[in-house]
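Some notes on the structure that comes next.
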Amino acid sequence: MEYIDGEDLASLLKRIGSLHGTKALDVARQLCAGLAAAHNKGVLHRDLKPANVMIDGRGHVRITDFGLAVAAGDDVTAGDISGTPAYMAPEQFAGKGASVQSDIYALGLVLYELFTGRRAFDASSVAELRAKKESATPTAPSDIAKEIDPIFERVILRCMEKDPRQPPGSVMQVAAALPGGDPLAAALAAGETPSPEMVAASGSTEGLRPWIAWACLAFISLGIGAAVVLGRQAQLFQRVPVDQPPEVMAKTARDILRNAGYAEEPVDSAFGFQAAERYLNRGRNGRSSTRWDNPPAFAIQFWYRQSPGALEHRSPGVNQSESVPGGVDYTDPPVMLPGEAVVWLDSRGRLIGLKVIPREERLLTGAARLPDWSALFQAAGVDPAKCTPVDVEGISRVNADARAAWTGALPDRREVTMRIEAAAYHGKPVSWRMFVPSWNPPSTSTALELPGAGKTVLDRASTDICDSTRGSSVPVPTAATDNVVFVITFLGALAAALFFVLRNLRMGRGDRRGAARLASGLHSGRR
């Protein structure tokens with residue numbers, strides 16, 4: 001047996017308290033090298049502790065007392081608990097035997113004591129010690145030794161992870177992660193996220209080969225160019241050109257209302273574009289590669305609404321009596337005020353939908369007068385002589401005393417049969433709906449509902465094309481299930497973010513100084 005002229009680490013720490021700076025780092029490196037050499041030979045120490053670490057007069061570190069050592073992979077008798085309790089891993093307490101990870105756990109405890117002069121876990125009994133190791137988190141080394149390197153503290157805490165699958169995979173990874181080594185490579189090899197301090201300490205000693213860098217640049221440039229070229233073909237408004245600017249289409253909608261008998265000047269109005277969700281559904285439109293070559297004009301729709309009162313957007317989930325300005329669309333606020341009207345046009349400015357809430361003075365009694373539908377047929381670009389009157393199927397959602405329905409050819413798709421459902425009150429049209437039954441069969445309860453509320457080709461848009469005159473036309477949830485999904489998704493994302501924030505802070509990965517600078521910069525930018 002070799003004679004070592006020195007003392008063990010336990011007595012040294014008892015005498016001087018702890019090691020710091022270069023000396024502590026040198027001892028840690030030598031300790032890692034010795035333990036790694038044993039592991040390379042397939043030997044597990046199982047009893048690594050300061051009392052089994054000798055430091056000779058020249059500062060050389062030796063690991064001693066391999067009396068409990070076993071070969072890696074050897075079967076261990078069930079319930080075998082070997083080692084010093086203060087430095088045993090939780091799985092050793094559970095009788096699951098030793099492994100490379102349990103030796104790394106003991107290494108973390110030794111390094112903790114090396115820098116702080118204290119044991120990570122103190123207990124009056126073995127049972128209490130086991131309970132602490134299974135559930136408690138030791139005091140952060142930096143709370144005891146203020147001068148400890150943050151990278152070293154992170155290495156120690158990683159070694160002391162309770163789950164044996166979490167610590168570094170080998171002692172060499174621990175050594176590489178120590179200050180002055182290659183911490184970035186060690187972190188990546190261990191499958192973990194490098195901390196900001198570790199990335200900064202790693203320097204810039206490597207980079208991509210020039211040909212790889214140029215290839216990546218060329219690939220990205222080609223991708224951007226392809227996105228610009230192909231994006232024009234993929235954008236719906238490129239496939240369905242809008243013939244007129246929105247202001248002209250708004251005037252067309254107002255003229256339609258005047259010709260229908262509604263000449264009163266509105267107090268407020270709004271307009272915008274939407275995409276016809278039902279037509280865009282692949283199940284309705286087929287799956288052939290040519291299905292987008294000639295989309296109908298109502299694939300993009302223009303909506304215009306006017307009201308005798310102010311239009312104010314109502315945020316989802318708030319009391320309906322509390323309104324906030326902006327964000328008005330054709331369903332928000334709800335269309336219910338007498339005198340309100342909504343008109344839908346296709347991309348060529350032809351009428352495809354109309355709804356009017358009659359004024360109170362119009363709600364008169366008496367015999368119904370038959371309306372003149374010719375103005376609406378003309379605005380829709382449909383020849384009434386080529387349409388066939390049919391039985392009314394839908395249920396009107398507005399006051400009406402006269403109803404009518406026709407079938408005919410879609411204006412820009414003669415091979416497609418469309419259906420028109422219309423209603424009037426005292427001789428004035430109050431509802432007009434055009435849809436294609438083969439693409440979206442009418443429902444007896446929804447055929448005359450507003451777009452977005454019913455199940456027709458004028459269903460509420462999934463994509464807004466531009467803003468309305470009252471602000472951005474942002475889709476808002478229209479059903480309780482939408483709100484529930486949104487809330488669950490938001491809370492789930494928030495919980496996940498909080499989990500990773502706390503985990504990264506505990507493991508020393510958080511860049512608090514950088515986060516504070518970023519937050520202060522954003523705050524200054526908002527002001």
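Residue names in the structure tokens use chain letters A, B, ... in the order shown, residue numbers from 1 in each chain, and ligand numbers from 1 in the order shown.
Look at stretch 145-148 of chain A: the protein and nucleic acid residues within 9 Å of it, using only C-alpha atoms and passing over chain neighbours fewer than 6 places away, are His20, Gly21, Phe115, Thr116 and Gly117 of chain A.
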Tell me which protein, DNA and RNA residues are within 12 Å of A:Ala131, counting only C-alpha atoms, leaving out same-chain ones fewer than 2 positions away, and put them as a PDB file with C-alpha atoms, in the first residue's frame.
```pdb
ATOM      1  CA  PRO A  85     -25.359   7.535   4.282  1.00  0.00           C
ATOM      2  CA  ALA A  86     -24.368  11.215   4.117  1.00  0.00           C
ATOM      3  CA  ALA A  89     -27.604   8.755  -3.716  1.00  0.00           C
ATOM      4  CA  PRO A  90     -31.380   8.326  -3.222  1.00  0.00           C
ATOM      5  CA  PHE A  93     -31.000   4.252  -0.117  1.00  0.00           C
ATOM      6  CA  ALA A  94     -33.779   2.491  -2.019  1.00  0.00           C
ATOM      7  CA  PHE A 121     -27.810  17.638   3.941  1.00  0.00           C
ATOM      8  CA  ASP A 122     -27.643  17.521   7.738  1.00  0.00           C
ATOM      9  CA  ALA A 123     -29.899  15.197   9.702  1.00  0.00           C
ATOM     10  CA  SER A 124     -30.069  13.610  13.152  1.00  0.00           C
ATOM     11  CA  SER A 125     -31.033  10.172  11.814  1.00  0.00           C
ATOM     12  CA  VAL A 126     -30.651   8.059   8.711  1.00  0.00           C
ATOM     13  CA  ALA A 127     -34.407   8.157   8.085  1.00  0.00           C
ATOM     14  CA  GLU A 128     -34.420  11.953   8.224  1.00  0.00           C
ATOM     15  CA  LEU A 129     -31.393  12.090   5.927  1.00  0.00           C
ATOM     16  CA  LYS A 133     -32.446  13.619  -0.088  1.00  0.00           C
ATOM     17  CA  GLU A 134     -35.666  12.423  -1.652  1.00  0.00           C
ATOM     18  CA  SER A 135     -37.690  15.616  -1.216  1.00  0.00           C
ATOM     19  CA  ALA A 136     -35.619  18.575  -0.028  1.00  0.00           C
ATOM     20  CA  THR A 137     -33.409  20.881  -2.083  1.00  0.00           C
ATOM     21  CA  LYS A 162     -32.519  13.441  -7.489  1.00  0.00           C
TER      22      LYS A 162
END
```
- prompt: Contacts of stretch 34-51 of chain A at 7 Å or less, counting only C-alpha atoms, minus same-chain residues fewer than 6 places along, as a list in words?
  reply: Asp8, Leu9, Ala10, Ile63, Phe66, Leu68, Ala69, Val70, Ala71, Ala72, Gly83, Thr84, Tyr87, Ala98, Ser99, Val100, Asp103, Ala106, Leu107, Val110, Val171 and Met172 of chain A
Option closest in space to A:Asn399, from A:Arg258, A:His426, A:Ala215, A:Tyr304 [counting only C-alpha atoms]: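 Looking at the shortest contact to A:Asn399, the residue is A:His426.
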task: Measure the distance from atom CA of A:Gly57 to atom CA of A:Ile4 in Å and round it to one decimal.
output: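 These two atoms are separated by 8.5 Å.
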message: What does the structure give for the distance between atom CA of A:Asp56 and atom CA of A:Tyr3, in Å to one decimal?
response: 9.8 Å
- prompt: If you run DSSP on the backbone, which residues of stretch 206-271 of chain A are strand (DSSP E), as a PyMOL selection string?
  reply: chain A and resi 268-271
Restricting it to C-alpha atoms, dump the selection as a short mmCIF file (atom, residue, chain, number, x, y, z; two decimals), in the first residue's frame.
```
data_model
loop_
_atom_site.label_atom_id
_atom_site.label_comp_id
_atom_site.auth_asym_id
_atom_site.auth_seq_id
_atom_site.Cartn_x
_atom_site.Cartn_y
_atom_site.Cartn_z
CA ASP A 268 -72.09 55.33 -38.23
CA SER A 269 -70.79 52.70 -40.65
CA ALA A 270 -68.00 50.16 -41.09
CA PHE A 271 -66.73 47.83 -43.80
#
```
- request: Have a look at A:Lys23, A:Arg154, A:Arg359, A:His60 and name the one nearest to A:Asn504; count only C-alpha atoms.
  value: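 Going through A:Lys23, A:Arg154, A:Arg359, A:His60 one by one, the smallest distance to A:Asn504 is for A:Arg154.
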- request: Please run DSSP on the backbone and report, as an NGL selection string, all residues within stretch 312-434 of chain A that come out as helix (DSSP H, G or I).
  value: :A and (360-362 or 374-380 or 384-386)
Store the residues of this selection in a file with C-alpha atoms, as a short mmCIF file (atom, residue, chain, number, x, y, z; two decimals), in the first residue's frame.
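Now in result36.cif:
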```cif
data_model
loop_
_atom_site.label_atom_id
_atom_site.label_comp_id
_atom_site.auth_asym_id
_atom_site.auth_seq_id
_atom_site.Cartn_x
_atom_site.Cartn_y
_atom_site.Cartn_z
CA GLU A 360 -90.08 50.69 -35.25
CA GLU A 361 -92.29 53.00 -37.25
CA ARG A 362 -92.18 50.42 -40.04
CA SER A 374 -85.79 43.27 -59.51
CA ALA A 375 -83.40 45.81 -57.96
CA LEU A 376 -81.75 43.09 -55.87
CA PHE A 377 -81.55 40.70 -58.84
CA GLN A 378 -79.87 43.44 -60.85
CA ALA A 379 -77.42 44.19 -58.02
CA ALA A 380 -76.61 40.46 -57.79
CA PRO A 384 -84.64 36.69 -62.80
CA ALA A 385 -86.06 35.26 -66.05
CA LYS A 386 -83.48 32.45 -65.84
#
```
- request: Name the closest residue to A:Ala297 among the candidates A:Glu340, A:Glu265, A:Glu393, A:Asp412; distances are taken between atoms, counting only C-alpha atoms.
  value: A:Asp412
message: Between atom CA of A:Trp303 and atom CA of A:Val343, what distance in Å does the model show, to one decimal?
response: 5.7 Å
- line: One residue among A:Ala260, A:Ile300, A:Leu311, A:Leu178 is nearest to A:Gly427 when using only C-alpha atoms, and that residue is A:Ala260
